[in-house]
Amino acid sequence: MKILETKHLKKYYGQGDSLVKAVDDISISVEKGEFVAIVGTSGSGKTSLLNLLGGLDYADSGEVIIGGQSLLNMKDEERTVFRRRNIGFIFQNYNLVSMLNVYKNVVLPIRLDGNKPDDEFIGKILSLLGLTEKSRNRPNQLSGGQQQRVAIARALASKPKIVLADEPTGNLDFRTSAEVIGLLQMTNREFNQTIIMITHNEEIAQQADRIIHLEDGRVVGGDIHVSEY
Ligand SMILES: Nc1ncnc2c1ncn2[C@@H]1O[C@H](COP(=O)(O)OP(=O)(O)OP(=O)(O)O)[C@@H](O)[C@H]1O
């Protein structure tokens, strides 16, 4: 089942001599349960593309369709609610709320939506990610790897259609990066969770099911399934 699709997506910055085609006519589709890595050198358009996929930014033209719904004609508020309900975000800098403990950080998007968290499911996620013992700790009492695990738990908590991760291991050392990628793989399998992850690291990308290479805002070399390597 197709969970995400883009059609001729474009995002340009500047004009004239300073025109940058950050996303230049990208049409991709992602199936439910896929773990996709988007790779490319610095400036190739990875973050620009992810921001469009997550409805954090507006495309100049083209469409993003998630779970059959187009983001194109949604008003700002509608888009915010759609994002909160359907998309989990993981960022390089974790973006946790320092005043809230681990549990409260994880359930925050659900509470913001006015819903009661499914504590059984939250407990399962915290346990899978090795965070049960830390659920009452605040982010500043945790290591970088642990904070990123909290961000993963938060992204999964509302059972989103897709999880978008922007360089999730960018601030972590080699060993902790491997651990975090392993946990993403596990959640991908355990919950059949669709994940789209940006990385500039080819070795990390190899852990995904499929790699999309970007160059100058375009997909190059076709979609590559890792098993084909
Ligand atoms: N707000 C902006 N205004 C102008 N140019 C921008 C803006 N955001 C991104 N760009 C340009 O668009 C291009 C793509 O940037 P983007 O951040 O998407 O690349 P990236 O592949 O994510 O890079 P990195 O790996 O360094 O994060 C770059 O040339 C960048 O300078």
# chains A, B, ... in the order shown; residues from 1 in each chain; ligands from 1
$ select_by_dssp --residues "chain A" --states "strand (DSSP E)" --output "ChimeraX atom specification"
/A:2-13,20-26,29-31,35-39,61-66,69-70,87-90,162-166,194-199,210-215,218-225
$ residues_near_ligand --ligand "ligand 1" --cutoff "12 Å" --atoms "only C-alpha atoms and all ligand atoms" --output "ChimeraX atom specification"
/A:10-15,18-24,38-52,57-58,91-92,165-168,170,197-201,213-219
$ write_last_selection --atoms "N, CA and C atoms" --output "short mmCIF file (atom, residue, chain, number, x, y, z; two decimals), in the first residue's frame"
data_model
loop_
_atom_site.label_atom_id
_atom_site.label_comp_id
_atom_site.auth_asym_id
_atom_site.auth_seq_id
_atom_site.Cartn_x
_atom_site.Cartn_y
_atom_site.Cartn_z
N LYS A 10 8.64 20.76 -6.46
CA LYS A 10 9.70 21.75 -6.70
C LYS A 10 9.77 22.77 -5.58
N LYS A 11 10.99 23.11 -5.19
CA LYS A 11 11.20 24.21 -4.24
C LYS A 11 12.48 24.93 -4.66
N TYR A 12 12.33 26.17 -5.10
CA TYR A 12 13.48 26.96 -5.52
C TYR A 12 13.68 28.09 -4.51
N TYR A 13 14.94 28.46 -4.32
CA TYR A 13 15.24 29.63 -3.48
C TYR A 13 15.95 30.68 -4.33
N GLY A 14 15.76 31.95 -3.99
CA GLY A 14 16.44 33.05 -4.68
C GLY A 14 15.98 33.18 -6.12
N GLN A 15 16.68 34.06 -6.85
CA GLN A 15 16.34 34.21 -8.26
C GLN A 15 17.54 34.70 -9.04
N SER A 18 21.39 33.94 -8.37
CA SER A 18 21.44 33.22 -7.08
C SER A 18 20.33 32.16 -6.95
N LEU A 19 19.69 31.82 -8.06
CA LEU A 19 18.63 30.81 -8.02
C LEU A 19 19.20 29.45 -7.61
N VAL A 20 18.59 28.84 -6.58
CA VAL A 20 19.00 27.49 -6.17
C VAL A 20 17.80 26.57 -6.32
N LYS A 21 17.97 25.53 -7.12
CA LYS A 21 16.89 24.55 -7.30
C LYS A 21 17.06 23.48 -6.24
N ALA A 22 16.57 23.76 -5.03
CA ALA A 22 16.80 22.87 -3.88
C ALA A 22 16.08 21.54 -4.07
N VAL A 23 14.84 21.61 -4.55
CA VAL A 23 14.08 20.40 -4.89
C VAL A 23 13.57 20.62 -6.30
N ASP A 24 14.00 19.75 -7.20
CA ASP A 24 13.80 20.05 -8.62
C ASP A 24 13.08 18.90 -9.33
N ILE A 38 17.37 8.76 2.50
CA ILE A 38 17.63 9.76 1.46
C ILE A 38 19.06 10.23 1.68
N VAL A 39 19.91 10.01 0.69
CA VAL A 39 21.31 10.40 0.84
C VAL A 39 21.70 11.41 -0.23
N GLY A 40 22.76 12.13 0.06
CA GLY A 40 23.25 13.12 -0.89
C GLY A 40 24.24 14.02 -0.17
N THR A 41 25.09 14.67 -0.94
CA THR A 41 26.09 15.55 -0.33
C THR A 41 25.41 16.78 0.26
N SER A 42 26.17 17.55 1.02
CA SER A 42 25.65 18.77 1.63
C SER A 42 25.13 19.69 0.53
N GLY A 43 23.92 20.19 0.70
CA GLY A 43 23.35 21.11 -0.28
C GLY A 43 22.59 20.42 -1.40
N SER A 44 22.48 19.09 -1.35
CA SER A 44 21.80 18.37 -2.43
C SER A 44 20.28 18.47 -2.33
N GLY A 45 19.78 18.98 -1.19
CA GLY A 45 18.33 19.22 -1.09
C GLY A 45 17.61 18.29 -0.14
N LYS A 46 18.35 17.53 0.67
CA LYS A 46 17.73 16.52 1.54
C LYS A 46 16.74 17.15 2.53
N THR A 47 17.22 18.16 3.27
CA THR A 47 16.36 18.78 4.28
C THR A 47 15.20 19.52 3.62
N SER A 48 15.46 20.17 2.51
CA SER A 48 14.38 20.88 1.79
C SER A 48 13.30 19.89 1.42
N LEU A 49 13.70 18.71 0.92
CA LEU A 49 12.71 17.70 0.53
C LEU A 49 11.94 17.19 1.75
N LEU A 50 12.68 16.89 2.82
CA LEU A 50 12.02 16.35 4.02
C LEU A 50 11.01 17.36 4.59
N ASN A 51 11.40 18.63 4.57
CA ASN A 51 10.49 19.67 5.07
C ASN A 51 9.20 19.74 4.25
N LEU A 52 9.31 19.46 2.96
CA LEU A 52 8.10 19.44 2.12
C LEU A 52 7.27 18.19 2.42
N ASP A 57 7.12 23.05 5.21
CA ASP A 57 7.39 24.12 4.25
C ASP A 57 6.48 23.93 3.04
N TYR A 58 6.29 25.00 2.30
CA TYR A 58 5.41 24.95 1.13
C TYR A 58 6.23 24.74 -0.14
N PHE A 91 14.71 14.82 14.91
CA PHE A 91 15.70 15.77 14.41
C PHE A 91 17.07 15.46 15.00
N GLN A 92 18.09 16.02 14.35
CA GLN A 92 19.47 15.83 14.80
C GLN A 92 19.66 16.31 16.24
N ALA A 165 12.96 11.40 9.71
CA ALA A 165 14.13 11.61 10.56
C ALA A 165 15.20 12.36 9.78
N ASP A 166 15.60 13.52 10.32
CA ASP A 166 16.62 14.34 9.64
C ASP A 166 17.96 14.17 10.35
N GLU A 167 18.87 13.43 9.73
CA GLU A 167 20.19 13.14 10.31
C GLU A 167 20.08 12.73 11.78
N PRO A 168 19.33 11.68 12.08
CA PRO A 168 19.08 11.34 13.49
C PRO A 168 20.33 10.97 14.26
N GLY A 170 23.30 12.49 13.61
CA GLY A 170 24.29 13.54 13.32
C GLY A 170 25.11 13.98 14.51
N MET A 197 14.43 8.54 6.29
CA MET A 197 15.55 9.09 7.07
C MET A 197 16.57 9.75 6.14
N ILE A 198 16.96 10.95 6.51
CA ILE A 198 18.03 11.63 5.78
C ILE A 198 19.35 11.27 6.41
N THR A 199 20.34 11.03 5.59
CA THR A 199 21.70 10.89 6.10
C THR A 199 22.68 11.25 5.00
N HIS A 200 23.86 11.74 5.39
CA HIS A 200 24.87 11.93 4.35
C HIS A 200 25.87 10.77 4.42
N ASN A 201 25.58 9.82 5.34
CA ASN A 201 26.49 8.71 5.58
C ASN A 201 26.01 7.44 4.86
N HIS A 213 19.03 8.56 -3.83
CA HIS A 213 20.16 9.48 -3.93
C HIS A 213 19.72 10.81 -4.51
N LEU A 214 20.11 11.89 -3.84
CA LEU A 214 19.80 13.23 -4.36
C LEU A 214 21.09 13.91 -4.82
N GLU A 215 20.94 14.66 -5.90
CA GLU A 215 22.05 15.48 -6.38
C GLU A 215 21.43 16.73 -6.99
N ASP A 216 21.86 17.88 -6.51
CA ASP A 216 21.31 19.16 -7.02
C ASP A 216 19.78 19.15 -7.09
N GLY A 217 19.16 18.64 -6.05
CA GLY A 217 17.69 18.69 -5.97
C GLY A 217 16.96 17.65 -6.79
N ARG A 218 17.71 16.73 -7.40
CA ARG A 218 17.07 15.70 -8.23
C ARG A 218 17.42 14.30 -7.74
N VAL A 219 16.51 13.36 -7.99
CA VAL A 219 16.82 11.95 -7.69
C VAL A 219 17.71 11.44 -8.80
#
$ closest_residue --among "A:Asp76, A:Glu5, A:Glu31, A:Asp118" --to "Gln193 of chain A" --atoms "only C-alpha atoms"
A:Glu31
$ residues_around --residues "Gly88 of chain A" --least-positions-apart "2" --cutoff "9 Å" --atoms "only C-alpha atoms" --output "list in words"
Gly54, Arg83, Arg84, Arg85, Asn86, Ile90, Ile152, Arg154, Ala155, Leu156, Ala157, Ser158, Lys159, Pro160, Lys161, Ile162, Val163, Leu164 and Ala165 of chain A
$ write_last_selection --atoms "C-alpha atoms" --output "PDB file, in the first residue's frame"
ATOM      1  CA  GLY A  54       6.425  16.754   6.472  1.00  0.00           C
ATOM      2  CA  ARG A  83       1.063  16.772  10.807  1.00  0.00           C
ATOM      3  CA  ARG A  84       0.550  16.102  14.509  1.00  0.00           C
ATOM      4  CA  ARG A  85      -1.691  13.119  13.817  1.00  0.00           C
ATOM      5  CA  ASN A  86       0.105  11.551  10.895  1.00  0.00           C
ATOM      6  CA  ILE A  90      13.078  13.032  14.662  1.00  0.00           C
ATOM      7  CA  ILE A 152      12.225   8.209  18.614  1.00  0.00           C
ATOM      8  CA  ARG A 154       7.924  10.570  20.880  1.00  0.00           C
ATOM      9  CA  ALA A 155       7.836  10.184  17.097  1.00  0.00           C
ATOM     10  CA  LEU A 156       6.215   6.750  17.424  1.00  0.00           C
ATOM     11  CA  ALA A 157       3.798   7.557  20.250  1.00  0.00           C
ATOM     12  CA  SER A 158       0.866   8.707  18.122  1.00  0.00           C
ATOM     13  CA  LYS A 159       1.254   5.717  15.729  1.00  0.00           C
ATOM     14  CA  PRO A 160       1.931   8.073  12.806  1.00  0.00           C
ATOM     15  CA  LYS A 161       1.611   7.085   9.160  1.00  0.00           C
ATOM     16  CA  ILE A 162       5.240   8.056   8.624  1.00  0.00           C
ATOM     17  CA  VAL A 163       8.276   8.953  10.676  1.00  0.00           C
ATOM     18  CA  LEU A 164      10.616  11.524   9.147  1.00  0.00           C
ATOM     19  CA  ALA A 165      14.132  11.610  10.561  1.00  0.00           C
TER      20      ALA A 165
END
$ residues_around --residues "segment 125-138 of chain A" --least-positions-apart "3" --cutoff "7 Å" --atoms "only C-alpha atoms" --output "PyMOL selection string"
chain A and resi 98-103+121-122+141+149+153+183
$ write_last_selection --atoms "N, CA and C atoms" --output "mmCIF file, in the first residue's frame"
data_model
loop_
_atom_site.group_PDB
_atom_site.id
_atom_site.type_symbol
_atom_site.label_atom_id
_atom_site.label_comp_id
_atom_site.auth_asym_id
_atom_site.auth_seq_id
_atom_site.Cartn_x
_atom_site.Cartn_y
_atom_site.Cartn_z
ATOM 1 N N SER A 98 12.964 20.678 27.778
ATOM 2 C CA SER A 98 13.841 20.422 28.918
ATOM 3 C C SER A 98 13.095 20.375 30.253
ATOM 4 N N MET A 99 11.946 21.057 30.342
ATOM 5 C CA MET A 99 11.223 21.094 31.614
ATOM 6 C C MET A 99 10.393 19.840 31.864
ATOM 7 N N LEU A 100 10.198 19.038 30.831
ATOM 8 C CA LEU A 100 9.337 17.861 30.978
ATOM 9 C C LEU A 100 10.168 16.581 31.101
ATOM 10 N N ASN A 101 9.677 15.636 31.887
ATOM 11 C CA ASN A 101 10.389 14.367 31.979
ATOM 12 C C ASN A 101 10.174 13.534 30.710
ATOM 13 N N VAL A 102 10.847 12.378 30.653
ATOM 14 C CA VAL A 102 10.830 11.550 29.446
ATOM 15 C C VAL A 102 9.394 11.188 29.050
ATOM 16 N N TYR A 103 8.626 10.670 30.002
ATOM 17 C CA TYR A 103 7.252 10.263 29.686
ATOM 18 C C TYR A 103 6.449 11.437 29.126
ATOM 19 N N PHE A 121 0.653 1.095 25.055
ATOM 20 C CA PHE A 121 1.520 1.238 23.884
ATOM 21 C C PHE A 121 2.765 2.064 24.229
ATOM 22 N N ILE A 122 2.573 3.155 24.976
ATOM 23 C CA ILE A 122 3.711 4.008 25.361
ATOM 24 C C ILE A 122 4.697 3.183 26.200
ATOM 25 N N GLN A 141 19.346 14.967 32.094
ATOM 26 C CA GLN A 141 19.937 13.891 32.909
ATOM 27 C C GLN A 141 20.268 12.680 32.034
ATOM 28 N N ARG A 149 16.807 8.479 21.743
ATOM 29 C CA ARG A 149 15.829 7.398 21.918
ATOM 30 C C ARG A 149 14.487 7.959 22.376
ATOM 31 N N ALA A 153 10.903 7.618 20.571
ATOM 32 C CA ALA A 153 9.679 7.209 21.272
ATOM 33 C C ALA A 153 8.567 8.231 21.020
ATOM 34 N N LEU A 183 17.759 0.609 16.554
ATOM 35 C CA LEU A 183 16.451 0.801 17.183
ATOM 36 C C LEU A 183 15.407 1.274 16.168
#
$ select_by_dssp --residues "segment 75-229 of chain A" --states "helix (DSSP H, G or I)" --output "ChimeraX atom specification"
/A:76-86,102-112,119-128,132-134,139-141,144-157,174-190,202-205,226-228
$ atom_distance --atom1 "atom CA of Ala178 of chain A" --atom2 "atom CA of Phe191 of chain A"
19.9 Å
$ closest_residue --among "A:Asn93, A:Gly55, A:Val220, A:Ile212" --to "Met74 of chain A" --atoms "only C-alpha atoms"
A:Gly55
$ closest_residue --among "A:Ala37, A:Ile87, A:Leu172, A:Leu142" --to "Gly67 of chain A" --atoms "only C-alpha atoms"
A:Ile87
$ atom_distance --atom1 "atom CA of Thr194 of chain A" --atom2 "atom CA of Asp60 of chain A"
25.9 Å
$ closest_residue --among "A:Ile181, A:Met1, A:Ala151, A:Val64" --to "Phe35 of chain A" --atoms "only C-alpha atoms"
A:Ile181
$ atom_distance --atom1 "atom CA of Pro139 of chain A" --atom2 "atom CA of Val97 of chain A"
7.6 Å
$ residues_around --residues "Ser29 of chain A" --least-positions-apart "4" --cutoff "9 Å" --atoms "only C-alpha atoms" --output "list in words"
Lys2, Ile3, Leu4, Glu5, Thr6 and Lys7 of chain A
